[in-house]
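Novice: Input model01.cif, format and content: mmCIF, C-alpha atoms and all ligand atoms.
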```cif
data_structure
#
loop_
_atom_site.label_atom_id
_atom_site.label_comp_id
_atom_site.auth_asym_id
_atom_site.auth_seq_id
_atom_site.Cartn_x
_atom_site.Cartn_y
_atom_site.Cartn_z
CA MET Z 14 19.86 32.02 -7.53
CA SER Z 15 20.42 29.51 -4.71
CA LYS Z 16 23.77 27.74 -4.52
CA ILE Z 17 24.00 24.14 -3.36
CA LEU Z 18 27.28 22.42 -2.57
CA VAL Z 19 27.10 18.63 -2.74
CA HIS Z 20 29.64 16.58 -0.85
CA ILE Z 21 30.21 13.52 -3.06
CA CYS Z 22 31.42 10.21 -1.65
CA CYS Z 23 31.45 8.08 -4.82
CA ALA Z 24 29.98 7.83 -8.31
CA PRO Z 25 27.33 5.13 -7.66
CA ASP Z 26 25.82 7.21 -4.84
CA ALA Z 27 26.09 10.41 -6.90
CA VAL Z 28 24.60 9.30 -10.20
CA TYR Z 29 20.94 9.30 -9.17
CA PHE Z 30 21.25 11.80 -6.32
CA LEU Z 31 22.62 14.54 -8.61
CA LYS Z 32 20.07 13.81 -11.30
CA ARG Z 33 17.21 14.18 -8.82
CA LEU Z 34 18.74 17.27 -7.26
CA ARG Z 35 18.91 18.84 -10.72
CA GLN Z 36 15.24 18.08 -11.30
CA ASP Z 37 14.11 19.29 -7.87
CA PHE Z 38 16.20 22.48 -7.88
CA PRO Z 39 16.22 23.48 -11.57
CA HIS Z 40 17.28 27.06 -10.90
CA ALA Z 41 20.02 26.36 -8.37
CA TYR Z 42 23.74 26.45 -9.09
CA ILE Z 43 24.97 23.01 -8.04
CA LYS Z 44 28.62 22.17 -7.44
CA GLY Z 45 30.20 18.86 -6.39
CA PHE Z 46 32.91 18.58 -3.72
CA PHE Z 47 34.81 15.29 -3.58
CA TYR Z 48 36.26 15.20 -0.11
CA ASP Z 49 36.98 11.63 1.00
CA PRO Z 50 40.34 11.09 2.72
CA ASN Z 51 38.74 8.08 4.40
CA ILE Z 52 39.24 6.05 1.22
CA HIS Z 53 42.22 3.69 1.21
CA PRO Z 54 44.42 3.03 -0.64
CA TYR Z 55 45.13 6.11 -2.75
CA GLU Z 56 44.53 4.23 -6.04
CA GLU Z 57 41.03 3.35 -4.85
CA TYR Z 58 40.47 7.00 -3.92
CA LYS Z 59 41.59 8.14 -7.39
CA LEU Z 60 39.44 5.51 -9.06
CA ARG Z 61 36.33 6.73 -7.25
CA TYR Z 62 37.27 10.32 -8.07
CA VAL Z 63 37.70 9.62 -11.81
CA GLU Z 64 34.32 7.89 -11.90
CA THR Z 65 32.70 10.78 -10.04
CA GLN Z 66 34.19 13.17 -12.58
CA ARG Z 67 32.57 11.10 -15.33
CA VAL Z 68 29.14 11.38 -13.67
CA CYS Z 69 29.51 15.14 -13.15
CA ASN Z 70 30.69 15.68 -16.73
CA GLU Z 71 27.61 13.93 -18.03
CA LEU Z 72 25.31 16.11 -15.92
CA GLY Z 73 27.31 19.29 -16.57
CA ILE Z 74 28.09 19.74 -12.87
CA GLU Z 75 31.35 21.34 -11.86
CA LEU Z 76 33.43 19.17 -9.50
CA GLU Z 77 36.11 20.27 -7.03
CA GLU Z 78 38.53 17.78 -5.50
CA GLY Z 79 39.26 18.33 -1.81
CA GLU Z 80 42.54 17.48 -0.06
CA TYR Z 81 43.51 13.87 0.50
CA ASP Z 82 44.48 14.50 4.11
CA VAL Z 83 44.43 10.89 5.15
CA GLU Z 84 46.59 11.44 8.24
CA ALA Z 85 44.11 13.93 9.74
CA TRP Z 86 41.29 11.46 9.06
CA MET Z 87 43.25 8.63 10.76
CA GLU Z 88 43.80 10.86 13.76
CA LYS Z 89 40.09 11.67 13.94
CA VAL Z 90 39.02 8.00 14.18
CA LYS Z 91 41.93 6.88 16.40
CA GLY Z 92 40.72 4.53 19.12
CA TYR Z 93 37.66 3.47 17.08
CA GLU Z 94 39.42 1.15 14.64
CA LYS Z 95 37.51 -1.95 15.73
CA GLU Z 96 34.05 -0.33 15.67
CA PRO Z 97 31.58 -2.05 13.33
CA GLU Z 98 30.26 -0.27 10.24
CA ARG Z 99 27.39 2.14 11.10
CA GLY Z 100 28.95 2.55 14.56
CA GLU Z 101 30.82 5.35 16.31
CA ARG Z 102 33.75 5.42 13.84
CA CYS Z 103 31.36 6.05 10.97
CA LYS Z 104 29.75 8.93 12.89
CA LEU Z 105 33.20 10.51 13.32
CA CYS Z 106 33.97 9.88 9.65
CA PHE Z 107 30.76 11.62 8.50
CA ASP Z 108 31.42 14.55 10.85
CA PHE Z 109 34.96 14.89 9.49
CA ARG Z 110 33.90 14.96 5.85
CA LEU Z 111 30.79 17.06 6.35
CA GLU Z 112 32.58 19.60 8.52
CA ARG Z 113 35.20 20.20 5.82
CA SER Z 114 32.46 20.38 3.18
CA ALA Z 115 30.44 22.91 5.19
CA LYS Z 116 33.55 25.02 5.72
CA PHE Z 117 34.27 24.94 2.00
CA ALA Z 118 30.61 25.82 1.25
CA LYS Z 119 30.79 28.81 3.58
CA GLU Z 120 34.08 30.05 2.11
CA GLU Z 121 32.72 29.76 -1.45
CA GLY Z 122 29.45 31.58 -0.69
CA PHE Z 123 27.07 28.59 -0.74
CA THR Z 124 24.00 28.91 1.44
CA THR Z 125 23.12 25.22 1.44
CA PHE Z 126 24.99 21.93 1.43
CA THR Z 127 24.14 18.26 1.28
CA THR Z 128 25.85 14.90 0.74
CA THR Z 129 25.46 11.90 -1.55
CA LEU Z 130 26.14 9.72 1.51
CA LEU Z 131 22.38 10.09 2.11
CA MET Z 132 21.86 7.86 -0.91
CA SER Z 133 23.90 4.94 0.37
CA PRO Z 134 21.70 2.01 1.44
CA LYS Z 135 24.41 0.97 3.90
CA LYS Z 136 24.38 4.25 5.86
CA LYS Z 137 21.92 5.31 8.55
CA PHE Z 138 19.89 8.19 7.17
CA GLU Z 139 19.08 9.62 10.60
CA GLN Z 140 22.72 9.56 11.68
CA LEU Z 141 23.72 11.54 8.59
CA LYS Z 142 20.85 13.99 8.95
CA GLU Z 143 21.81 14.71 12.53
CA SER Z 144 25.49 15.22 11.65
CA GLY Z 145 24.66 17.45 8.68
CA GLU Z 146 22.23 19.66 10.58
CA GLU Z 147 24.53 20.13 13.56
CA ILE Z 148 27.43 21.13 11.32
CA ALA Z 149 25.27 23.40 9.16
CA GLU Z 150 24.17 25.31 12.24
CA LYS Z 151 27.78 25.85 13.26
CA TYR Z 152 28.54 27.45 9.86
CA SER Z 153 25.21 29.33 9.60
CA ILE Z 154 24.17 27.55 6.42
CA SER Z 155 21.46 24.97 5.84
CA PHE Z 156 21.67 21.24 5.26
CA LEU Z 157 19.41 19.45 2.80
CA ALA Z 158 18.53 16.04 4.25
CA LEU Z 159 17.13 14.59 1.03
CA ASN Z 160 15.88 11.05 1.15
CA TYR Z 161 16.10 10.02 -2.49
CA ARG Z 162 16.28 6.35 -1.52
CA LYS Z 163 12.50 6.31 -1.19
CA GLY Z 164 10.05 5.54 -4.01
CA GLY Z 165 12.38 3.21 -5.88
CA GLY Z 166 15.34 5.61 -5.75
CA THR Z 167 17.79 2.95 -4.61
CA GLN Z 168 16.80 0.67 -7.48
CA GLU Z 169 17.06 3.56 -9.94
CA MET Z 170 20.54 4.32 -8.58
CA PHE Z 171 21.67 0.74 -9.28
CA THR Z 172 20.14 0.80 -12.75
CA LEU Z 173 21.82 4.08 -13.72
CA SER Z 174 25.11 2.90 -12.30
CA LYS Z 175 24.94 -0.36 -14.26
CA ASP Z 176 23.92 1.38 -17.50
CA ARG Z 177 26.85 3.73 -17.26
CA GLU Z 178 29.26 0.91 -16.28
CA ILE Z 179 30.36 2.83 -13.22
CA TYR Z 180 33.04 1.26 -11.07
CA HIS Z 181 31.33 -0.25 -8.05
CA GLN Z 182 33.48 -0.69 -4.96
CA ASP Z 183 33.02 -3.72 -2.75
CA TYR Z 184 33.90 -1.99 0.55
CA CYS Z 185 32.92 1.29 2.15
CA GLY Z 186 36.31 2.95 1.96
CA CYS Z 187 38.56 2.91 4.99
CA VAL Z 188 41.29 0.49 5.96
CA HIS Z 189 39.56 -0.37 9.25
CA GLY Z 190 36.24 -1.27 7.63
CA LEU Z 191 38.17 -3.20 4.99
CA PHE Z 192 39.92 -5.41 7.56
CA ASN Z 193 36.70 -5.87 9.53
CA GLN Z 194 34.94 -6.97 6.36
CA LYS Z 195 37.56 -9.04 4.56
CA GLY Z 196 39.97 -10.15 7.28
CA GLU Z 197 43.50 -10.90 6.09
CA LEU Z 198 42.35 -10.85 2.44
CA ALA Z 199 42.10 -7.06 2.81
CA VAL Z 200 45.84 -6.99 2.18
CA TRP Z 201 45.19 -7.61 -1.53
CA ASP Z 202 43.19 -4.38 -1.74
CA LEU Z 203 46.01 -2.47 -0.13
CA VAL Z 204 49.12 -3.77 -1.89
CA SER Z 205 50.22 -1.41 -4.54
CA CYS Z 206 52.81 -2.54 -7.07
CA SER Z 207 54.82 -0.30 -9.29
CA GLY Z 208 53.18 -0.17 -12.68
CA ARG Z 209 49.81 -1.69 -13.51
CA GLN Z 210 49.63 -5.33 -12.50
CA PRO Z 211 46.93 -7.34 -14.38
CA GLY Z 212 43.62 -7.09 -12.55
CA SER Z 213 44.90 -4.37 -10.19
CA LYS Z 214 43.31 -1.09 -9.12
CA GLU Z 215 46.04 0.65 -11.10
CA GLU Z 216 45.01 -1.17 -14.28
CA THR Z 217 41.33 -0.29 -13.67
CA LEU Z 218 42.24 3.33 -12.97
CA PHE Z 219 44.13 3.49 -16.28
CA ILE Z 220 41.13 2.07 -18.15
CA LYS Z 221 38.64 4.37 -16.41
CA SER Z 222 40.77 7.46 -16.99
CA ILE Z 223 40.91 6.67 -20.70
CA ARG Z 224 37.18 6.12 -20.68
CA ALA Z 225 36.64 9.60 -19.22
CA PHE Z 226 38.79 11.07 -22.00
CA ALA Z 227 37.03 9.08 -24.75
CA GLU Z 228 33.63 10.22 -23.47
CA GLU Z 229 34.76 13.82 -23.52
CA LEU Z 230 35.39 13.28 -27.25
CA SER Z 231 31.84 11.82 -27.46
CA LEU Z 232 33.17 8.45 -28.62
CA PRO Z 233 31.09 5.33 -27.94
CA VAL Z 234 32.56 3.19 -25.14
CA LYS Z 235 31.67 -0.22 -23.76
CA GLU Z 236 33.39 -2.15 -20.99
CA PHE Z 237 33.44 -5.86 -20.24
CA GLU Z 238 34.86 -7.70 -17.24
CA PHE Z 239 36.47 -11.13 -17.28
CA PRO Z 240 37.73 -13.34 -14.46
CA PHE Z 241 41.14 -15.01 -14.67
CA LEU Z 242 43.69 -16.84 -12.54
CA ASN Z 243 45.98 -14.06 -11.37
CA TRP Z 244 49.62 -14.38 -10.37
CA PHE Z 245 51.53 -12.21 -7.89
CA LEU Z 246 55.27 -11.95 -7.42
CA LEU Z 247 56.06 -11.41 -3.74
CA GLU Z 248 59.86 -11.79 -3.78
CA GLY Z 249 62.53 -13.67 -5.67
CA LYS Z 250 66.20 -13.76 -6.60
CA VAL Z 251 68.74 -15.96 -8.30
CA GLU Z 252 72.38 -16.01 -7.09
CA ILE Z 253 75.73 -17.44 -8.07
CA ASP Z 254 78.53 -17.39 -5.48
CA LYS Z 255 76.35 -15.15 -3.32
CA LYS Z 256 76.17 -12.59 -6.14
CA ILE Z 257 72.66 -11.63 -7.25
CA ILE Z 258 72.18 -11.99 -11.00
CA PRO Z 259 69.84 -9.45 -12.67
CA SER Z 260 66.56 -11.19 -13.43
CA PHE Z 261 62.83 -10.96 -14.03
CA VAL Z 262 60.43 -13.70 -12.98
CA GLU Z 263 58.18 -15.18 -15.65
CA PRO Z 264 54.45 -14.88 -14.80
CA TYR Z 265 52.81 -18.06 -13.47
CA SER Z 266 56.05 -19.26 -11.86
CA GLN Z 267 55.31 -21.18 -8.67
CA SER Z 268 57.04 -20.58 -5.34
CA ILE Z 269 60.26 -22.34 -4.40
CA ARG Z 270 60.11 -24.17 -1.08
CA GLY Z 271 62.81 -22.60 1.08
CA VAL Z 272 65.92 -22.26 -1.10
CA ALA Z 273 66.70 -24.21 -4.30
CA LYS Z 274 70.42 -24.99 -4.72
CA GLY Z 275 71.47 -26.92 -7.77
CA GLU Z 276 73.37 -27.20 -11.04
CA VAL Z 277 72.19 -26.98 -14.63
CA TYR Z 278 71.49 -30.59 -15.63
CA LYS Z 279 70.18 -29.93 -19.13
CA HIS Z 280 69.79 -27.06 -21.54
CA VAL Z 281 67.54 -26.73 -24.54
CA GLY Z 282 68.38 -23.75 -26.72
CA ASP Z 283 68.38 -20.73 -24.44
CA GLU Z 284 66.58 -22.49 -21.59
CA LEU Z 285 68.55 -24.03 -18.72
CA TYR Z 286 67.06 -26.48 -16.23
CA LEU Z 287 68.31 -26.78 -12.65
CA SER Z 288 68.45 -30.07 -10.81
CA LYS Z 289 66.20 -28.74 -8.00
CA GLN Z 290 62.51 -27.81 -7.76
CA TYR Z 291 61.89 -27.48 -11.54
CA VAL Z 292 63.77 -24.17 -11.62
CA LYS Z 293 64.26 -22.87 -15.15
CA ILE Z 294 66.55 -20.10 -16.40
CA LYS Z 295 65.76 -18.35 -19.68
CA LEU Z 296 68.65 -16.46 -21.30
CA LEU Z 297 67.66 -13.24 -23.02
CA GLU Z 298 69.33 -10.89 -25.47
CA PRO Z 299 68.43 -8.03 -25.16
CA PHE Z 300 67.64 -8.35 -21.47
CA GLN Z 301 64.18 -6.94 -20.81
CA ASP Z 302 60.95 -8.25 -19.40
CA ILE Z 303 58.76 -9.90 -22.01
CA PRO Z 304 54.99 -10.46 -21.92
CA LEU Z 305 53.66 -14.01 -22.22
CA ARG Z 306 52.33 -14.52 -25.75
CA GLU Z 307 50.46 -17.66 -24.75
CA PRO Z 308 48.82 -18.48 -21.42
CA LYS Z 309 51.27 -20.56 -19.38
CA LEU Z 310 49.95 -23.77 -17.88
CA THR Z 311 53.17 -25.26 -16.50
CA THR Z 312 54.42 -23.53 -13.37
CA HIS Z 313 58.21 -23.94 -13.37
CA PRO Z 314 59.82 -21.21 -11.25
CA THR Z 315 61.33 -19.38 -14.21
CA PHE Z 316 63.89 -16.56 -14.15
CA LEU Z 317 64.71 -14.43 -17.18
CA VAL Z 318 68.40 -13.46 -17.09
CA PRO Z 319 70.82 -11.69 -19.47
CA TYR Z 320 72.38 -13.96 -22.09
CA GLU Z 321 75.90 -12.88 -21.10
CA TYR Z 322 75.62 -15.07 -17.96
CA ARG Z 323 75.19 -18.30 -19.96
CA ASP Z 324 78.64 -19.79 -19.25
CA VAL Z 325 78.53 -18.76 -15.59
CA PHE Z 326 75.23 -20.60 -15.16
CA LEU Z 327 76.49 -23.69 -16.99
CA ASN Z 328 79.58 -23.96 -14.77
CA SER Z 329 78.34 -22.93 -11.31
CA ARG Z 330 76.09 -23.89 -8.49
CA VAL Z 331 72.94 -21.76 -8.58
CA THR Z 332 70.85 -20.61 -5.61
CA ALA Z 333 67.27 -19.42 -6.15
CA THR Z 334 64.45 -18.24 -3.90
CA LEU Z 335 60.98 -17.28 -4.99
CA LYS Z 336 57.64 -16.47 -3.39
CA THR Z 337 54.57 -16.07 -5.57
CA GLU Z 338 50.85 -16.41 -5.13
CA PHE Z 339 47.94 -17.43 -7.36
CA ARG Z 340 44.46 -15.94 -6.80
CA SER Z 341 41.42 -15.39 -8.96
CA SER Z 342 40.89 -11.77 -10.07
CA VAL Z 343 38.88 -9.72 -12.51
CA SER Z 344 40.27 -7.66 -15.36
CA ARG Z 345 38.63 -5.56 -18.06
CA LEU Z 346 38.35 -5.04 -21.76
CA MET Z 347 37.21 -1.64 -22.99
CA VAL Z 348 36.05 -1.12 -26.55
CA ILE Z 349 36.15 2.44 -27.89
CA GLY Z 350 34.22 2.53 -31.14
CA ASN Z 351 32.46 -0.22 -32.99
CA VAL Z 352 33.49 -3.88 -32.46
CA GLU Z 353 32.80 -4.50 -36.14
CA ALA Z 354 35.29 -1.86 -37.28
CA GLU Z 355 37.67 -3.02 -39.99
CA ARG Z 356 40.74 -1.85 -38.02
CA ARG Z 357 40.77 -3.04 -34.40
CA VAL Z 358 43.78 -1.67 -32.56
CA GLY Z 359 44.65 -3.40 -29.28
CA ILE Z 360 46.47 -1.57 -26.48
CA PRO Z 361 47.63 -3.35 -23.30
CA ALA Z 362 46.24 -1.74 -20.15
CA ASP Z 363 48.74 -3.47 -17.85
CA THR Z 364 52.50 -2.94 -17.60
CA LEU Z 365 55.49 -5.26 -17.42
CA GLN Z 366 57.72 -5.86 -14.39
CA ASP Z 367 60.40 -3.59 -15.86
CA GLY Z 368 57.84 -0.75 -15.93
CA ALA Z 369 57.28 -0.78 -19.70
CA GLY Z 370 53.72 0.06 -20.69
CA VAL Z 371 51.57 2.35 -22.75
CA SER Z 372 51.08 5.81 -21.26
CA LYS Z 373 47.75 7.54 -20.88
CA SER Z 374 48.96 10.47 -22.99
CA PHE Z 375 49.87 8.10 -25.84
CA VAL Z 376 46.32 6.68 -25.90
CA GLU Z 377 44.78 10.15 -25.60
CA GLU Z 378 46.80 11.34 -28.58
CA LEU Z 379 45.76 8.31 -30.57
CA LEU Z 380 42.08 8.83 -29.72
CA SER Z 381 42.24 12.53 -30.61
CA SER Z 382 43.98 11.85 -33.94
CA TYR Z 383 41.62 9.07 -34.98
CA SER Z 384 38.39 10.33 -33.40
CA LYS Z 385 36.69 10.71 -36.81
CA ASP Z 386 37.59 7.17 -37.86
CA ILE Z 387 36.36 5.85 -34.51
CA ALA Z 388 33.12 7.85 -34.61
CA THR Z 389 32.34 6.66 -38.14
CA GLY Z 390 32.98 3.00 -37.29
CA ARG Z 391 36.12 2.52 -39.40
CA LEU Z 392 38.45 1.98 -36.44
CA SER Z 393 38.06 0.75 -32.88
CA VAL Z 394 40.54 1.03 -30.02
CA LEU Z 395 40.58 -1.88 -27.59
CA ILE Z 396 42.08 -1.37 -24.15
CA LEU Z 397 43.10 -4.86 -23.10
CA GLY Z 398 43.48 -5.92 -19.47
CA ALA Z 399 45.86 -8.68 -18.32
CA GLU Z 400 47.47 -8.71 -21.75
CA SER Z 401 50.94 -9.62 -20.46
CA PHE Z 402 49.58 -12.89 -19.04
CA GLY Z 403 49.15 -14.67 -22.36
CA ARG Z 404 47.12 -12.01 -24.19
CA LEU Z 405 44.13 -12.58 -21.96
CA GLY Z 406 42.44 -9.31 -22.98
CA SER Z 407 42.78 -10.10 -26.71
CA ARG Z 408 41.58 -13.66 -26.20
CA PHE Z 409 38.57 -12.44 -24.29
CA PHE Z 410 37.78 -10.01 -27.13
CA LYS Z 411 37.88 -12.91 -29.62
CA GLU Z 412 35.60 -14.98 -27.36
CA LEU Z 413 33.17 -12.09 -27.12
CA THR Z 414 33.03 -11.03 -30.74
CA GLY Z 415 34.38 -13.90 -32.82
CA VAL Z 416 36.96 -11.62 -34.46
CA ASP Z 417 40.61 -10.98 -33.67
CA VAL Z 418 42.39 -7.81 -32.66
CA ASN Z 419 44.20 -7.08 -35.93
CA GLU Z 420 46.70 -4.37 -34.95
CA PHE Z 421 48.64 -3.95 -31.71
CA VAL Z 422 50.48 -1.32 -29.76
CA ASP Z 423 53.10 -3.14 -27.70
CA TYR Z 424 54.40 -2.40 -24.21
CA ARG Z 425 57.11 -0.12 -25.55
CA GLN Z 426 54.56 1.88 -27.54
CA ASN Z 427 55.54 0.44 -30.89
CA VAL Z 428 52.61 0.10 -33.26
CA PHE Z 429 52.57 -3.03 -35.38
CA VAL Z 430 50.15 -5.08 -37.44
S1 LIG V 501 33.35 2.17 7.26
FE1 LIG V 501 32.95 3.81 5.80
S2 LIG V 501 31.77 5.39 6.87
FE2 LIG V 501 32.65 4.00 8.39
S3 LIG V 501 34.56 4.98 8.98
FE3 LIG V 501 35.08 3.58 7.35
S4 LIG V 501 34.92 4.79 5.50
FE4 LIG V 501 33.90 5.95 7.10
#
```
Just give me the structure as structure tokens.
Specialist:
Amino acid sequence: MSKILVHICCAPDAVYFLKRLRQDFPHAYIKGFFYDPNIHPYEEYKLRYVETQRVCNELGIELEEGEYDVEAWMEKVKGYEKEPERGERCKLCFDFRLERSAKFAKEEGFTTFTTTLLMSPKKKFEQLKESGEEIAEKYSISFLALNYRKGGGTQEMFTLSKDREIYHQDYCGCVHGLFNQKGELAVWDLVSCSGRQPGSKEETLFIKSIRAFAEELSLPVKEFEFPFLNWFLLEGKVEIDKKIIPSFVEPYSQSIRGVAKGEVYKHVGDELYLSKQYVKIKLLEPFQDIPLREPKLTTHPTFLVPYEYRDVFLNSRVTATLKTEFRSSVSRLMVIGNVEAERRVGIPADTLQDGAGVSKSFVEELLSSYSKDIATGRLSVLILGAESFGRLGSRFFKELTGVDVNEFVDYRQNVFV
């Protein structure tokens, strides 16, 4: 039996390529090798890997993950950072990934190797063929230069990818290509916050990982995307007598120009208002970050602080600084089961600033325990993106289906109706 090793660059390029390879080589043992240290940042790399795993699972193809040796890749393309896509840097990048794949193929006893890069409409077929054949010769194996783009293959690839709701990246992969393509906006693809910020790669990765698990249990899954006005906290602090007071910043707070120095001029219940730049202080007991229950339309710079500081705030001069940014983003809602199920359990996909959030293992346990109820349409599990920003995921579900989420798991993994 012939053995073919397939270097895989991403799920959209793999979905049709692997299907065709299966048809054309029905008796071959086919194995996938995900070796792509060119992908930045790491969350994006993981996201593409998880989606590739999903494609391979569906086709029953074993997948091996290569090393994420990003430093070696950076070294390889050093001096070619400004090259345009399809230029010399890309040639080096193909050589780097194909060389490692050929080496792996040789070590594992494969006689032939190929790459899903051949499927990508943005890559030069001839350039890849040349790279692959040269490297194959060096390792005394053969390279399959399969042009599955022809005869409607590219269109079929897009159709399969859309049907399976596969994550589709909007840049090739590396940091250099990203900056060439998006300019300074590339920074937003690269920032990585602790936790899972609404609309972030981390949030998508969480959702996609759960999807992979749900599909392994053969549960029906459907994903929907929704756009929203996103909010980013860049930096902020509130001080009294040069002492920083513990605080969280409420989502949708606007930036403070320079530094705001003022006194509390009015207080309503547990909310204190400063005399400068609309700054608001909310006193909390217990002190923990709290999700917004309603979307917030006013943009007071708002700090959440422990209740024990109430008298200090009322009798002192307060100094506050804050930098935030508003940008449009996309988040997701994932429905596991039937939307018409009687019990619709909502789980936030994002996390709070204090790190609280639902873990993947918690959701996996829930899916395993209730898999029968989900499969028979009695219960559905809804993974809700951007939930901490005014229950955006739940609201989107209501918009989509006309019914409410009727049970919730909160950020601290408490289940309540
Ligand atoms: S643009 Fe794509 S192919 Fe070119 S170097 Fe970057 S990751 Fe590699």
Novice: Do you know which residues are at most 12 Å from Ile154 (chain Z) counting all atoms listed in the file, after dropping those on the same chain fewer than 2 positions away, and could you put them as a list in words?
Specialist: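 Surrounding residues, per the criterion: Ser15, Lys16, Ile17, Leu18, Glu112, Ser114, Ala115, Lys116, Phe117, Ala118, Lys119, Glu120, Glu121, Gly122, Phe123, Thr124, Thr125, Phe126, Thr127, Gly145, Glu146, Glu147, Ile148, Ala149, Glu150, Lys151, Tyr152, Phe156 and Leu157 of chain Z.
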Novice: Neighbouring residues of ligand LIG 501 (chain V) are defined here as those with any atom at most 6 Å from a ligand atom, counting all atoms listed in the file; list them as a count of residues only.
Specialist: 9
Novice: Show me the residues close to (67.4, -5.2, -15.2) - anything with an atom within 9 Å, counting all atoms listed in the file - and format the list as a PyMOL selection string.
Specialist: chain Z and resi 259-261+300-302+318-319+367
Novice: Return the single residue from Z:Val352, Z:Lys385, Z:Gln66, Z:Arg391 that is closest to Asp417 (chain Z), with distances computed using all atoms listed in the file.
Specialist: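 Under the stated criterion, the closest residue is Z:Val352.
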Novice: Could you make a table, as CSV, of the residues of region 335-415 of chain Z that have an atom within 10 Å of an atom of region 235-254 of chain Z, each with its nearest atom pair and distance in Å to one decimal, counting all atoms listed in the file, in chain and number order?
Specialist:
```
residue,atom,partner,partner_atom,distance
Z:Leu335,CA,Z:Gly249,CA,4.0
Z:Lys336,CA,Z:Glu248,CA,5.2
Z:Thr337,CA,Z:Leu246,CA,4.6
Z:Glu338,CA,Z:Phe245,CA,5.1
Z:Phe339,CA,Z:Trp244,CA,4.6
Z:Arg340,CA,Z:Asn243,CA,5.2
Z:Ser341,CA,Z:Leu242,CA,4.5
Z:Ser342,CA,Z:Phe241,CA,5.6
Z:Val343,CA,Z:Pro240,CA,4.3
Z:Ser344,CA,Z:Phe239,CA,5.5
Z:Arg345,CA,Z:Glu238,CA,4.4
Z:Leu346,CA,Z:Phe237,CA,5.2
Z:Met347,CA,Z:Glu236,CA,4.3
Z:Val348,CA,Z:Lys235,CA,5.3
Z:Ile349,CA,Z:Lys235,CA,6.6
Z:Gly350,CA,Z:Lys235,CA,8.3
Z:Asn351,CA,Z:Lys235,CA,9.3
Z:Val352,CA,Z:Lys235,CA,9.6
Z:Gln366,CA,Z:Leu246,CA,9.6
Z:Leu395,CA,Z:Glu236,CA,9.8
Z:Ile396,CA,Z:Glu236,CA,9.3
Z:Gly398,CA,Z:Phe239,CA,9.0
Z:Ala399,CA,Z:Phe241,CA,8.7
Z:Phe402,CA,Z:Asn243,CA,8.6
Z:Leu405,CA,Z:Phe241,CA,8.2
Z:Gly406,CA,Z:Phe239,CA,8.5
Z:Phe409,CA,Z:Phe239,CA,7.4
Z:Phe410,CA,Z:Phe237,CA,9.1
Z:Leu413,CA,Z:Phe237,CA,9.3
```
Novice: Can you tell me which residues surround region 320-331 of chain Z at a distance of at most 9 Å, considering all atoms listed in the file, apart from same-chain residues fewer than 4 positions away, and format the answer as a PDB file with C-alpha atoms, in the coordinates of the input?
Specialist:
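Final output, part_5.pdb:
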```pdb
ATOM      1  CA  VAL Z 251      68.740 -15.960  -8.300  1.00  0.00           C
ATOM      2  CA  GLU Z 252      72.380 -16.010  -7.090  1.00  0.00           C
ATOM      3  CA  ILE Z 253      75.730 -17.440  -8.070  1.00  0.00           C
ATOM      4  CA  ASP Z 254      78.530 -17.390  -5.480  1.00  0.00           C
ATOM      5  CA  ILE Z 258      72.180 -11.990 -11.000  1.00  0.00           C
ATOM      6  CA  ALA Z 273      66.700 -24.210  -4.300  1.00  0.00           C
ATOM      7  CA  LYS Z 274      70.420 -24.990  -4.720  1.00  0.00           C
ATOM      8  CA  GLY Z 275      71.470 -26.920  -7.770  1.00  0.00           C
ATOM      9  CA  GLU Z 276      73.370 -27.200 -11.040  1.00  0.00           C
ATOM     10  CA  VAL Z 277      72.190 -26.980 -14.630  1.00  0.00           C
ATOM     11  CA  TYR Z 278      71.490 -30.590 -15.630  1.00  0.00           C
ATOM     12  CA  HIS Z 280      69.790 -27.060 -21.540  1.00  0.00           C
ATOM     13  CA  ASP Z 283      68.380 -20.730 -24.440  1.00  0.00           C
ATOM     14  CA  LEU Z 285      68.550 -24.030 -18.720  1.00  0.00           C
ATOM     15  CA  LEU Z 287      68.310 -26.780 -12.650  1.00  0.00           C
ATOM     16  CA  ILE Z 294      66.550 -20.100 -16.400  1.00  0.00           C
ATOM     17  CA  LYS Z 295      65.760 -18.350 -19.680  1.00  0.00           C
ATOM     18  CA  LEU Z 296      68.650 -16.460 -21.300  1.00  0.00           C
ATOM     19  CA  LEU Z 297      67.660 -13.240 -23.020  1.00  0.00           C
ATOM     20  CA  GLU Z 298      69.330 -10.890 -25.470  1.00  0.00           C
ATOM     21  CA  PRO Z 299      68.430  -8.030 -25.160  1.00  0.00           C
ATOM     22  CA  PHE Z 300      67.640  -8.350 -21.470  1.00  0.00           C
TER      23      PHE Z 300
END
```
Novice: Taking into account only C-alpha atoms, which residue in the set Z:Glu400, Z:Glu284, Z:Glu412, Z:Asp386 is nearest to Pro211 (chain Z)?
Specialist: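 Ranked by minimum distance to Pro211 (chain Z), first place goes to Z:Glu400.
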Novice: Mind pulling up the distance from CA of Ala225 (chain Z) to CA of Val358 (chain Z)?
Specialist: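 A separation of 18.9 Å between them.
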Novice: As an exercise, work out the distance from CA of Leu232 (chain Z) to CA of Glu215 (chain Z) in Å and give it to one decimal place.
Specialist: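 For CA of Leu232 (chain Z) relative to CA of Glu215 (chain Z), the distance reads 23.1 Å.
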Novice: If I take CA of Gly359 (chain Z) and CA of Val428 (chain Z), how far is one from the other in Å, to one decimal?
Specialist: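 According to the coordinates, CA of Gly359 (chain Z) and CA of Val428 (chain Z) are separated by 9.6 Å.
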Novice: So which one's closest to Phe30 (chain Z), Z:Lys104, Z:Arg110, Z:Lys289, Z:Lys163? Using only C-alpha atoms, please.
Specialist: Z:Lys163
